[in-house]
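Participant: Contents of start.txt (compact mmCIF, C-alpha atoms) are below:
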```txt
# COMPACT_ATOMS: atom_id res chain seq x y z
CA MET A 11 0.00 0.00 0.00
CA SER A 12 1.41 3.41 -1.02
CA LYS A 13 1.75 6.26 1.46
CA PRO A 14 -1.37 8.41 1.99
CA ILE A 15 -1.35 11.84 0.33
CA VAL A 16 -2.26 14.97 2.29
CA ALA A 17 -2.93 18.23 0.41
CA ILE A 18 -2.73 21.67 2.05
CA VAL A 19 -5.27 24.00 0.42
CA GLY A 20 -6.65 27.45 1.13
CA ARG A 21 -6.79 31.01 -0.08
CA PRO A 22 -3.55 32.81 -1.04
CA ASN A 23 -1.38 34.15 1.77
CA VAL A 24 -2.84 32.10 4.63
CA GLY A 25 0.54 30.43 5.30
CA LYS A 26 0.34 27.17 3.34
CA SER A 27 3.98 27.16 2.30
CA THR A 28 5.09 28.15 5.81
CA LEU A 29 3.16 25.21 7.26
CA PHE A 30 4.46 22.88 4.56
CA ASN A 31 8.10 23.87 5.15
CA ALA A 32 7.69 23.63 8.93
CA LEU A 33 6.34 20.07 8.64
CA ALA A 34 8.89 19.04 6.01
CA GLY A 35 11.70 20.49 8.10
CA GLU A 36 15.21 20.19 6.70
CA LYS A 37 14.11 17.72 4.04
CA ILE A 38 12.89 20.53 1.85
CA SER A 39 16.20 22.41 1.89
CA ILE A 40 18.52 19.49 1.19
CA VAL A 41 20.22 19.98 -2.17
CA GLU A 42 21.40 16.78 -3.83
CA ASP A 43 23.40 16.27 -7.01
CA ILE A 44 20.30 14.91 -8.73
CA PRO A 45 18.89 17.72 -10.88
CA GLY A 46 15.64 19.11 -9.56
CA VAL A 47 14.91 16.34 -7.08
CA THR A 48 14.70 18.40 -3.91
CA ARG A 49 14.91 22.02 -5.04
CA ASP A 50 11.64 23.89 -5.49
CA ARG A 51 9.70 20.82 -4.41
CA ILE A 52 6.01 21.05 -3.63
CA TYR A 53 5.82 17.59 -2.08
CA ALA A 54 7.64 16.05 0.87
CA ASP A 55 7.60 12.79 2.81
CA ILE A 56 6.43 13.39 6.39
CA THR A 57 6.62 11.10 9.43
CA TRP A 58 4.36 11.55 12.46
CA LEU A 59 4.54 8.88 15.20
CA ASN A 60 4.13 5.60 13.28
CA TYR A 61 2.57 7.21 10.23
CA HIS A 62 4.33 8.01 6.95
CA PHE A 63 2.64 10.14 4.32
CA THR A 64 3.29 12.51 1.42
CA MET A 65 2.30 16.15 1.84
CA ILE A 66 1.49 18.46 -1.09
CA ASP A 67 1.67 22.24 -1.05
CA THR A 68 -0.80 23.95 -3.43
CA GLY A 69 -1.31 27.39 -4.88
CA GLY A 70 -3.84 29.66 -3.24
CA ILE A 71 -7.43 29.18 -4.40
CA GLU A 72 -9.42 32.20 -5.58
CA PRO A 73 -12.77 30.52 -6.38
CA GLU A 74 -14.21 33.15 -8.75
CA SER A 75 -11.13 34.99 -9.97
CA LYS A 76 -10.95 35.69 -13.72
CA ASP A 77 -7.22 36.23 -13.51
CA ILE A 78 -5.58 33.61 -15.75
CA ILE A 79 -2.81 32.72 -13.31
CA LEU A 80 -5.19 32.44 -10.33
CA SER A 81 -7.62 30.33 -12.34
CA GLN A 82 -4.75 28.02 -13.33
CA MET A 83 -3.71 27.83 -9.68
CA ARG A 84 -7.28 26.85 -8.86
CA GLU A 85 -7.09 24.04 -11.45
CA GLN A 86 -3.78 22.83 -10.08
CA ALA A 87 -5.14 22.91 -6.53
CA GLN A 88 -8.14 20.88 -7.73
CA MET A 89 -5.72 18.32 -9.16
CA ALA A 90 -4.02 18.01 -5.78
CA ILE A 91 -7.42 17.69 -4.07
CA ASP A 92 -8.39 14.88 -6.44
CA SER A 93 -5.14 13.07 -5.62
CA ALA A 94 -5.34 13.50 -1.86
CA ASP A 95 -6.57 11.08 0.77
CA VAL A 96 -6.96 13.87 3.36
CA ILE A 97 -7.19 17.64 2.88
CA VAL A 98 -5.86 20.23 5.31
CA PHE A 99 -7.96 23.38 4.76
CA LEU A 100 -5.85 26.28 6.03
CA THR A 101 -7.45 29.58 7.04
CA ASP A 102 -6.10 32.78 8.60
CA VAL A 103 -7.24 33.97 12.05
CA ARG A 104 -5.80 37.45 11.44
CA GLN A 105 -7.89 38.01 8.30
CA GLY A 106 -10.87 36.29 9.85
CA LEU A 107 -13.56 34.30 8.05
CA VAL A 108 -14.12 35.75 4.57
CA ASP A 109 -16.49 34.93 1.72
CA ALA A 110 -13.76 33.13 -0.26
CA ASP A 111 -13.29 30.69 2.66
CA HIS A 112 -16.94 29.63 2.32
CA LYS A 113 -16.46 29.06 -1.42
CA VAL A 114 -13.33 26.98 -0.87
CA ALA A 115 -15.24 25.00 1.79
CA ASP A 116 -18.00 24.30 -0.76
CA MET A 117 -15.38 23.13 -3.24
CA LEU A 118 -13.91 20.77 -0.66
CA ARG A 119 -17.31 19.40 0.34
CA ARG A 120 -18.00 18.52 -3.31
CA SER A 121 -14.75 16.57 -3.44
CA GLY A 122 -16.10 14.10 -0.88
CA LYS A 123 -12.64 13.90 0.73
CA PRO A 124 -12.12 14.08 4.51
CA VAL A 125 -11.16 17.62 5.52
CA VAL A 126 -9.25 18.88 8.57
CA LEU A 127 -10.04 22.56 9.20
CA VAL A 128 -6.95 24.41 10.47
CA VAL A 129 -6.78 28.05 11.56
CA ASN A 130 -3.28 29.48 11.13
CA LYS A 131 -1.39 32.40 12.72
CA VAL A 132 -2.75 31.67 16.22
CA ASP A 133 0.45 32.76 17.95
CA SER A 134 -1.38 33.11 21.29
CA PHE A 135 -4.20 30.73 22.14
CA GLU A 136 -5.46 33.05 24.89
CA LYS A 137 -5.59 36.04 22.58
CA PHE A 138 -7.07 34.43 19.45
CA MET A 139 -9.27 31.48 20.57
CA THR A 140 -12.45 33.57 20.49
CA ASP A 141 -11.69 34.42 16.85
CA VAL A 142 -11.02 30.74 16.07
CA TYR A 143 -14.58 29.82 17.07
CA GLU A 144 -15.87 31.92 14.16
CA PHE A 145 -14.62 29.23 11.75
CA TYR A 146 -17.24 26.76 13.03
CA ASN A 147 -19.50 28.62 10.58
CA LEU A 148 -17.81 26.79 7.70
CA GLY A 149 -19.55 23.59 8.79
CA LEU A 150 -16.39 21.47 8.51
CA GLY A 151 -16.13 20.42 12.14
CA ASP A 152 -13.82 21.62 14.90
CA PRO A 153 -11.26 24.21 13.77
CA ILE A 154 -7.74 23.36 14.97
CA PRO A 155 -5.61 26.41 15.95
CA VAL A 156 -1.97 26.39 14.84
CA SER A 157 0.89 28.77 14.24
CA ALA A 158 3.04 27.62 11.32
CA ALA A 159 5.59 30.34 12.05
CA SER A 160 5.88 29.47 15.76
CA LEU A 161 5.43 25.68 15.31
CA LEU A 162 2.40 25.59 17.65
CA GLY A 163 -0.52 23.14 17.55
CA PHE A 164 1.01 20.67 15.11
CA GLY A 165 0.38 17.63 17.33
CA ASP A 166 -3.42 18.05 17.46
CA MET A 167 -3.52 18.77 13.74
CA LEU A 168 -1.46 15.72 12.73
CA ASP A 169 -3.39 13.46 15.11
CA GLN A 170 -6.59 14.48 13.33
CA VAL A 171 -5.02 14.08 9.87
CA THR A 172 -3.67 10.58 10.53
CA GLU A 173 -6.98 9.52 12.11
CA LEU A 174 -8.60 10.07 8.70
CA PHE A 175 -6.14 7.97 6.70
CA PRO A 176 -7.69 5.08 4.73
CA LYS A 177 -7.75 1.90 6.79
CA SER A 178 -6.08 -1.03 5.08
CA ASN A 179 -7.98 -4.28 4.95
CA GLY A 180 -5.84 -6.94 6.56
CA GLU A 181 -7.65 -9.68 4.64
CA GLU A 182 -6.94 -8.06 1.30
CA GLU A 183 -4.53 -10.11 -0.77
CA GLU A 184 -1.37 -8.35 -1.82
CA ASP A 185 -1.19 -7.64 -5.54
CA THR A 186 2.05 -9.30 -6.63
CA ARG A 187 1.77 -8.28 -10.29
CA PRO A 188 4.72 -6.12 -11.43
CA LYS A 189 3.70 -2.45 -11.47
CA ILE A 190 5.29 -0.22 -14.07
CA ALA A 191 4.87 3.56 -14.01
CA ILE A 192 5.07 5.24 -17.43
CA VAL A 193 6.35 8.78 -16.81
CA GLY A 194 7.67 11.64 -18.88
CA LYS A 195 6.94 15.07 -20.28
CA PRO A 196 3.57 15.66 -21.95
CA ASN A 197 3.14 14.45 -25.51
CA VAL A 198 6.09 12.03 -25.57
CA GLY A 199 3.76 9.08 -26.20
CA LYS A 200 3.15 7.58 -22.76
CA SER A 201 -0.51 6.74 -23.39
CA SER A 202 0.27 5.55 -26.93
CA ILE A 203 2.77 3.05 -25.51
CA VAL A 204 0.19 1.63 -23.09
CA ASN A 205 -2.46 1.47 -25.82
CA ARG A 206 -0.10 -0.31 -28.20
CA LEU A 207 0.85 -2.84 -25.55
CA LEU A 208 -2.80 -3.37 -24.72
CA GLY A 209 -3.94 -3.53 -28.33
CA GLU A 210 -6.85 -1.16 -27.83
CA GLU A 211 -7.54 2.52 -27.19
CA ARG A 212 -7.90 2.22 -23.40
CA VAL A 213 -6.15 5.51 -22.56
CA ILE A 214 -7.13 8.80 -24.21
CA VAL A 215 -4.44 9.86 -26.68
CA SER A 216 -4.20 13.49 -27.75
CA ASN A 217 -1.47 15.85 -28.88
CA ILE A 218 -2.68 18.38 -26.32
CA ALA A 219 -0.12 18.46 -23.52
CA GLY A 220 -1.55 17.27 -20.23
CA THR A 221 -4.52 15.29 -21.58
CA THR A 222 -3.88 12.47 -19.12
CA ARG A 223 -4.92 14.06 -15.84
CA ASP A 224 -5.09 10.95 -13.69
CA ALA A 225 -2.71 8.07 -13.08
CA VAL A 226 -4.55 5.23 -14.84
CA ASP A 227 -3.85 1.56 -14.01
CA THR A 228 -4.05 -0.79 -16.98
CA ALA A 229 -3.50 -4.56 -16.74
CA VAL A 230 -1.67 -6.09 -19.73
CA LYS A 231 -0.95 -9.79 -20.25
CA PHE A 232 2.17 -10.90 -22.13
CA ASN A 233 3.50 -14.46 -22.45
CA GLY A 234 1.08 -15.64 -19.76
CA LYS A 235 2.20 -13.03 -17.20
CA GLU A 236 0.17 -10.00 -16.13
CA TYR A 237 1.66 -6.55 -15.70
CA VAL A 238 0.04 -3.36 -14.37
CA PHE A 239 1.00 -0.22 -16.29
CA ILE A 240 0.40 3.13 -14.59
CA ASP A 241 0.02 5.91 -17.15
CA THR A 242 0.66 9.29 -15.52
CA ALA A 243 -0.02 12.93 -16.20
CA GLY A 244 2.84 14.54 -18.10
CA ILE A 245 5.20 16.89 -16.33
CA ARG A 246 5.45 20.18 -18.19
CA ARG A 247 8.68 22.04 -18.62
CA LYS A 248 8.92 25.18 -16.49
CA SER A 249 8.72 28.66 -17.92
CA LYS A 250 9.18 31.98 -16.15
CA ILE A 251 5.47 32.75 -16.36
CA HIS A 252 4.16 29.38 -15.25
CA GLU A 253 6.99 28.31 -12.95
CA ASN A 254 4.73 28.17 -9.90
CA LEU A 255 1.84 26.57 -11.77
CA GLU A 256 3.28 23.77 -13.87
CA LYS A 257 5.11 22.14 -10.98
CA TYR A 258 1.83 20.81 -9.55
CA SER A 259 1.56 18.31 -12.40
CA ILE A 260 4.38 16.44 -10.68
CA VAL A 261 2.00 15.40 -7.91
CA ARG A 262 0.42 12.45 -9.68
CA THR A 263 3.77 11.28 -11.00
CA VAL A 264 5.24 11.14 -7.50
CA GLY A 265 2.35 8.95 -6.29
CA ALA A 266 2.57 6.66 -9.33
CA VAL A 267 6.34 6.25 -8.98
CA GLU A 268 5.97 5.49 -5.29
CA ARG A 269 3.62 2.54 -5.81
CA SER A 270 5.50 1.13 -8.81
CA ASP A 271 8.25 -1.46 -9.02
CA VAL A 272 9.78 -0.18 -12.25
CA VAL A 273 9.66 3.32 -13.76
CA VAL A 274 9.78 3.75 -17.53
CA VAL A 275 10.96 7.28 -18.33
CA VAL A 276 9.75 8.06 -21.86
CA ILE A 277 11.92 10.43 -23.91
CA ASP A 278 10.98 11.96 -27.27
CA ALA A 279 13.63 10.91 -29.79
CA THR A 280 12.86 13.94 -31.98
CA GLU A 281 13.63 16.33 -29.09
CA GLY A 282 16.46 14.41 -27.47
CA VAL A 283 17.06 14.12 -23.74
CA THR A 284 16.42 17.32 -21.75
CA GLU A 285 16.91 18.68 -18.24
CA GLN A 286 13.22 18.08 -17.61
CA ASP A 287 13.77 14.39 -18.41
CA ALA A 288 16.55 14.46 -15.81
CA LYS A 289 14.14 15.84 -13.23
CA ILE A 290 11.64 13.07 -13.94
CA ALA A 291 14.31 10.35 -13.82
CA GLY A 292 15.55 11.92 -10.58
CA ILE A 293 12.19 11.24 -8.91
CA ALA A 294 12.46 7.54 -9.75
CA HIS A 295 16.09 7.39 -8.61
CA ASN A 296 15.28 9.20 -5.38
CA GLU A 297 12.56 6.64 -4.61
CA GLY A 298 14.95 3.73 -5.25
CA LYS A 299 12.94 2.29 -8.14
CA GLY A 300 14.09 0.33 -11.14
CA VAL A 301 14.64 2.67 -14.10
CA ILE A 302 14.21 2.10 -17.85
CA ILE A 303 14.78 4.91 -20.35
CA ALA A 304 12.45 4.37 -23.33
CA VAL A 305 13.35 6.55 -26.32
CA ASN A 306 10.03 6.79 -28.19
CA LYS A 307 9.27 8.00 -31.77
CA TRP A 308 12.41 6.22 -32.98
CA ASP A 309 10.68 5.72 -36.35
CA ALA A 310 10.76 9.50 -36.91
CA ILE A 311 14.57 9.72 -36.73
CA GLU A 312 16.89 9.61 -39.72
CA LYS A 313 19.51 7.02 -38.84
CA ASP A 314 23.00 5.96 -39.71
CA ASP A 315 25.37 3.50 -38.03
CA LYS A 316 26.16 6.01 -35.25
CA THR A 317 22.65 7.25 -34.38
CA ILE A 318 21.97 4.90 -31.47
CA TYR A 319 25.48 5.44 -30.11
CA LYS A 320 25.05 9.25 -30.16
CA HIS A 321 21.61 9.15 -28.48
CA THR A 322 22.89 6.72 -25.85
CA GLU A 323 25.90 8.93 -25.15
CA ASP A 324 23.66 12.02 -24.74
CA ILE A 325 21.35 10.15 -22.35
CA ARG A 326 24.25 8.83 -20.26
CA GLN A 327 25.74 12.32 -20.03
CA ILE A 328 22.58 14.20 -19.01
CA LEU A 329 21.24 11.35 -16.85
CA SER A 330 24.65 10.61 -15.35
CA PHE A 331 23.11 9.99 -11.90
CA VAL A 332 21.33 6.85 -13.24
CA PRO A 333 24.19 5.12 -15.10
CA TYR A 334 22.53 1.80 -14.27
CA ALA A 335 19.31 2.59 -16.22
CA GLU A 336 18.36 0.25 -19.06
CA ILE A 337 17.93 2.09 -22.40
CA ILE A 338 15.65 0.91 -25.22
CA PHE A 339 14.66 2.57 -28.49
CA ILE A 340 11.00 2.09 -29.44
CA SER A 341 8.11 3.39 -31.51
CA ALA A 342 4.58 3.34 -30.11
CA VAL A 343 3.25 4.15 -33.60
CA THR A 344 4.85 1.22 -35.45
CA GLY A 345 5.31 -1.10 -32.47
CA GLN A 346 9.05 -1.27 -33.17
CA ARG A 347 10.91 -3.06 -30.35
CA LEU A 348 7.96 -2.51 -28.01
CA THR A 349 7.93 -6.12 -26.83
CA LYS A 350 11.58 -5.61 -25.80
CA LEU A 351 10.15 -3.45 -23.04
CA TYR A 352 8.96 -6.61 -21.29
CA ASP A 353 12.48 -8.10 -21.45
CA ALA A 354 13.88 -4.92 -19.90
CA ILE A 355 11.19 -4.94 -17.19
CA GLU A 356 11.94 -8.57 -16.28
CA THR A 357 15.69 -7.83 -16.13
CA VAL A 358 15.14 -4.85 -13.84
CA ILE A 359 12.72 -6.72 -11.54
CA GLU A 360 15.16 -9.62 -11.25
CA ASN A 361 17.99 -7.25 -10.32
CA GLN A 362 15.82 -5.29 -7.88
CA ASN A 363 15.17 -8.54 -6.01
CA LYS A 364 18.68 -10.00 -6.33
CA ARG A 365 20.37 -11.21 -3.12
CA ILE A 366 24.12 -11.83 -2.88
CA GLY A 367 25.68 -14.06 -0.24
CA THR A 368 27.69 -12.36 2.48
CA GLY A 369 30.83 -14.40 1.78
CA VAL A 370 30.90 -13.47 -1.91
CA LEU A 371 30.21 -9.81 -1.13
CA ASN A 372 33.16 -9.64 1.26
CA GLU A 373 35.46 -11.30 -1.28
CA ILE A 374 34.61 -8.64 -3.87
CA MET A 375 34.98 -5.84 -1.32
CA MET A 376 38.40 -7.08 -0.19
CA GLU A 377 39.55 -7.34 -3.81
CA ALA A 378 38.35 -3.78 -4.37
CA THR A 379 40.24 -2.43 -1.33
CA ASN A 380 43.41 -4.24 -2.47
CA LEU A 381 43.13 -2.67 -5.93
CA GLN A 382 42.48 0.82 -4.57
CA GLN A 383 43.53 1.60 -1.04
CA PRO A 384 40.85 3.27 1.13
CA PRO A 385 41.35 7.01 1.77
CA SER A 386 42.99 8.46 4.87
CA ASP A 387 42.82 11.76 6.71
CA LYS A 388 45.33 13.18 9.20
CA GLY A 389 47.13 9.86 9.46
CA ARG A 390 43.98 7.81 10.10
CA ARG A 391 43.06 5.40 7.31
CA LEU A 392 39.60 4.07 6.50
CA LYS A 393 39.17 0.36 7.20
CA LEU A 394 36.31 -1.67 5.72
CA PHE A 395 35.64 -4.61 8.03
CA TYR A 396 32.55 -6.31 6.70
CA VAL A 397 29.63 -5.97 4.25
CA THR A 398 26.24 -7.69 4.18
CA GLN A 399 23.05 -7.27 2.16
CA VAL A 400 20.06 -6.40 4.35
CA SER A 401 17.18 -5.90 1.90
CA VAL A 402 16.01 -5.72 -1.72
CA LYS A 403 14.00 -3.27 -3.87
CA PRO A 404 16.49 -1.66 -4.06
CA PRO A 405 19.33 -3.98 -3.00
CA THR A 406 20.66 -2.45 0.23
CA PHE A 407 24.05 -3.13 1.80
CA VAL A 408 25.51 -2.29 5.20
CA ILE A 409 29.28 -1.72 5.31
CA PHE A 410 30.96 -1.72 8.72
CA VAL A 411 33.95 0.64 8.92
CA ASN A 412 36.24 2.10 11.58
CA ASP A 413 35.23 5.74 10.93
CA LYS A 414 32.18 6.87 8.91
CA LYS A 415 33.72 10.28 8.27
CA LEU A 416 36.52 8.66 6.28
CA MET A 417 34.06 6.82 3.98
CA HIS A 418 33.92 9.47 1.27
CA TYR A 419 31.08 9.41 -1.27
CA SER A 420 33.56 8.72 -4.08
CA TYR A 421 34.87 5.58 -2.37
CA THR A 422 31.34 4.32 -1.74
CA ARG A 423 30.70 4.84 -5.46
CA TYR A 424 33.89 2.90 -6.22
CA ILE A 425 32.65 -0.06 -4.13
CA GLU A 426 29.27 0.17 -5.85
CA ASN A 427 30.91 0.02 -9.28
CA LYS A 428 32.86 -3.09 -8.24
CA PHE A 429 29.63 -4.75 -7.07
CA ARG A 430 28.00 -3.90 -10.39
CA GLU A 431 30.96 -5.34 -12.31
CA ALA A 432 30.66 -8.55 -10.33
CA PHE A 433 26.88 -8.99 -10.04
CA GLY A 434 25.26 -6.83 -12.73
CA PHE A 435 22.36 -5.02 -11.05
CA ASN A 436 21.36 -3.42 -14.37
CA GLY A 437 18.36 -1.15 -14.08
CA THR A 438 18.34 -0.76 -10.30
CA SER A 439 19.90 1.66 -7.88
CA LEU A 440 21.93 0.31 -4.96
CA LYS A 441 21.73 1.69 -1.45
CA PHE A 442 24.67 1.70 0.97
CA ILE A 443 24.45 2.22 4.72
CA ILE A 444 27.75 2.96 6.46
CA ARG A 445 28.09 1.97 10.12
CA GLU A 446 31.01 2.27 12.52
CA ARG A 447 32.49 -0.72 14.30
CA ASP A 448 35.30 -0.59 16.83
CA GLU A 449 38.55 -2.13 15.60
CA GLU A 450 38.70 -4.22 18.77
CA LYS A 451 35.45 -5.93 17.71
CA LYS A 452 36.76 -6.77 14.27
```
Please lay out the structure from this file as structure tokens.
Facilitator:
Amino acid sequence: MSKPIVAIVGRPNVGKSTLFNALAGEKISIVEDIPGVTRDRIYADITWLNYHFTMIDTGGIEPESKDIILSQMREQAQMAIDSADVIVFLTDVRQGLVDADHKVADMLRRSGKPVVLVVNKVDSFEKFMTDVYEFYNLGLGDPIPVSAASLLGFGDMLDQVTELFPKSNGEEEEDTRPKIAIVGKPNVGKSSIVNRLLGEERVIVSNIAGTTRDAVDTAVKFNGKEYVFIDTAGIRRKSKIHENLEKYSIVRTVGAVERSDVVVVVIDATEGVTEQDAKIAGIAHNEGKGVIIAVNKWDAIEKDDKTIYKHTEDIRQILSFVPYAEIIFISAVTGQRLTKLYDAIETVIENQNKRIGTGVLNEIMMEATNLQQPPSDKGRRLKLFYVTQVSVKPPTFVIFVNDKKLMHYSYTRYIENKFREAFGFNGTSLKFIIRERDEEKK
């Protein structure tokens, strides 16, 4: 079961982003080498007690505004509402209850989703509680006072939010079918690929960017095995004008990637690989999923004996953070090499679930350290004592060392490359956990 999604909605300037950043904490400000993965993010993974969920920040809703940007923000907020399991409706005690709050409340009631009414900017409960009671008039239950800026009232709010999460049915059988998310920019042919695999027009295909608004699950049978393909809304490329609007289309993609086993990042061969493709691939990498790069519209390219080599080189350069990704060249229109997608999926799934014996792992690690001596700092040298695999999807390894600070990222990457040389692991990321162990306990 994927993590529940919580959307923060409300009028502009009620403090949605302040609340979002306060709940996300330092996660939102971490900058990684993966392009666009954590910068300017409008979603974040949140943990409260034993609950884990994804929170979405939305643009302010102006229900009847004719302003183009505000109306687009309203549409994007509606998309987040449709995706959410629980909605946090944020209001402002300083501005008081206004007509637009009633209209947003009506919009939320029509959604049929559970709503937690939160009144922000209550920096003093004694001073503002009388004003908080006014929000009972919205008819959405008890208003919960918080101060996003002062980090007050979060416990009561999150208790109410988590209480409304969907309850999983313990008797429900786990769906073991491989789940494949088809992601990419709009109009690269994601829906066409699913339709071609299925053999019928199940998913709406249009050359209008963003036609696929929902993540649609489609079961496809091939060689006696059933696969579930998740076709997602396209992620638009940012522009200066729409920078704050287009990013909301990432919401559905994040959810689809999270509940998938393998992510197929579709690239338009006629455009070539772009920075936006890197951002999309970065989401899959960040979630530890298997990654396949599918270069679609290959039939529309004039080719010579170096065409595939050049495209592959460009992809490897721009998507350098996923050097393990499988690359296939396909055409949804002609069906060229489309069945090869299943071979790639099976390879990735096998590698995502691969387990390597501890003895063999340690042999490879010792060979690696003999070939390239571990780094040292101020006369103290890194020692790698022991490695073991602790989980799969993605394959995760714990390396015991004498000093974690000496285990530089580049040396971890060196060990990873040696593991890949020895065991393959094509199509899947590898995760390494570094732990200290006293030399006396070696």
Participant: CA of Val193 (chain A) to CA of Gln346 (chain A): how many Å, to one decimal?
Facilitator: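 That distance, rounded to one decimal, is 19.4 Å.
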Participant: Taking all atoms listed in the file into account, which of A:Phe232, A:Phe138, A:Phe433, A:Phe145 comes nearest Asp109 (chain A)?
Facilitator: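 Using all atoms listed in the file, the shortest distance to Asp109 (chain A) belongs to A:Phe145.
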Participant: Excluding same-chain residues fewer than 2 positions from region 270-273 of chain A, what lies within 6 Å of it counting all atoms listed in the file, as a list in words?
Facilitator: Lys189, Ile190, Ala191, Val267, Glu268, Lys299, Gly300 and Val301 of chain A
Participant: Go through A:Leu381, A:Leu29, A:Ile444, A:Ala115 and flag the residue nearest Thr406 (chain A), using all atoms listed in the file for the distances.
Facilitator: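 Nearest candidate to Thr406 (chain A) out of A:Leu381, A:Leu29, A:Ile444, A:Ala115: A:Ile444.
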Participant: As a PDB file with C-alpha atoms, keeping the file's coordinate frame, please: the residues near Gln105 (chain A) (cut-off 12 Å, only C-alpha atoms, same-chain neighbours under 4 positions excluded).
Facilitator:
```
ATOM      1  CA  ARG A  21      -6.790  31.010  -0.080  1.00  0.00           C
ATOM      2  CA  PRO A  22      -3.550  32.810  -1.040  1.00  0.00           C
ATOM      3  CA  ASN A  23      -1.380  34.150   1.770  1.00  0.00           C
ATOM      4  CA  VAL A  24      -2.840  32.100   4.630  1.00  0.00           C
ATOM      5  CA  GLY A  25       0.540  30.430   5.300  1.00  0.00           C
ATOM      6  CA  THR A 101      -7.450  29.580   7.040  1.00  0.00           C
ATOM      7  CA  ASP A 109     -16.490  34.930   1.720  1.00  0.00           C
ATOM      8  CA  ALA A 110     -13.760  33.130  -0.260  1.00  0.00           C
ATOM      9  CA  ASP A 111     -13.290  30.690   2.660  1.00  0.00           C
ATOM     10  CA  VAL A 129      -6.780  28.050  11.560  1.00  0.00           C
ATOM     11  CA  ASN A 130      -3.280  29.480  11.130  1.00  0.00           C
ATOM     12  CA  LYS A 131      -1.390  32.400  12.720  1.00  0.00           C
ATOM     13  CA  VAL A 132      -2.750  31.670  16.220  1.00  0.00           C
ATOM     14  CA  PHE A 138      -7.070  34.430  19.450  1.00  0.00           C
ATOM     15  CA  ASP A 141     -11.690  34.420  16.850  1.00  0.00           C
ATOM     16  CA  VAL A 142     -11.020  30.740  16.070  1.00  0.00           C
ATOM     17  CA  GLU A 144     -15.870  31.920  14.160  1.00  0.00           C
ATOM     18  CA  PHE A 145     -14.620  29.230  11.750  1.00  0.00           C
TER      19      PHE A 145
END
```
Participant: So the first atom is CA of Ala291 (chain A) and the second is CA of Thr422 (chain A); what is the distance between them in Å, to one decimal place?
Facilitator: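 According to the coordinates, CA of Ala291 (chain A) and CA of Thr422 (chain A) are separated by 21.7 Å.
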Participant: Tell me which of A:Asn197, A:Thr172, A:Thr64, A:Asn147 sits closest to Ala90 (chain A), counting all atoms listed in the file.
Facilitator: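 Nearest to Ala90 (chain A): A:Thr64.
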Participant: Counting only C-alpha atoms, figure out which residue out of A:Asp353, A:Asp287, A:Glu426, A:Glu446 gets nearest to Leu392 (chain A).
Facilitator: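 Of the candidates, the smallest distance to Leu392 (chain A) is held by A:Glu446.
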Participant: Measuring between only C-alpha atoms, which one of A:Asp324, A:Asp227, A:Glu373, A:Asp413 shows the shortest distance to Pro385 (chain A)?
Facilitator: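 Nearest to Pro385 (chain A): A:Asp413.
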Participant: For Val204 (chain A), work out the shell of residues within 8 Å, counting all atoms listed in the file and skipping chain neighbours fewer than 3 positions away, then give it as a PDB file with C-alpha atoms, keeping the file's coordinate frame.
Facilitator:
```
ATOM      1  CA  LYS A 200       3.150   7.580 -22.760  1.00  0.00           C
ATOM      2  CA  SER A 201      -0.510   6.740 -23.390  1.00  0.00           C
ATOM      3  CA  LEU A 207       0.850  -2.840 -25.550  1.00  0.00           C
ATOM      4  CA  LEU A 208      -2.800  -3.370 -24.720  1.00  0.00           C
ATOM      5  CA  VAL A 213      -6.150   5.510 -22.560  1.00  0.00           C
ATOM      6  CA  THR A 228      -4.050  -0.790 -16.980  1.00  0.00           C
ATOM      7  CA  PHE A 239       1.000  -0.220 -16.290  1.00  0.00           C
ATOM      8  CA  ASP A 241       0.020   5.910 -17.150  1.00  0.00           C
TER       9      ASP A 241
END
```
Participant: Report, in Å with one decimal, the straight-line distance from CA of Gly199 (chain A) to CA of Thr242 (chain A).
Facilitator: 11.1 Å
Participant: Determine the nearest neighbour of Arg423 (chain A) from the options A:Leu440, A:Met117, A:Ala294, A:Val156, counting all atoms listed in the file.
Facilitator: A:Leu440
Participant: Anything within 10 Å of (1.2, -9.6, -9.3): list those residues as a ChimeraX atom specification, counting all atoms listed in the file and sticking to the file's coordinates.
Facilitator: /A:184-189,235-238
Participant: Pick out the residues sitting within 9 Å of Val16 (chain A), and hand them over as a ChimeraX atom specification; count only C-alpha atoms, and ignore anything fewer than 2 positions along from it in its own chain.
Facilitator: /A:14,18,63-67,90-91,93-98,171
Participant: Within 7 Å of Gln399 (chain A), counting all atoms listed in the file, which residues show up once you throw out same-chain ones fewer than 4 positions away? Write them as a PyMOL selection string, please.
Facilitator: chain A and resi 366+368+406-408
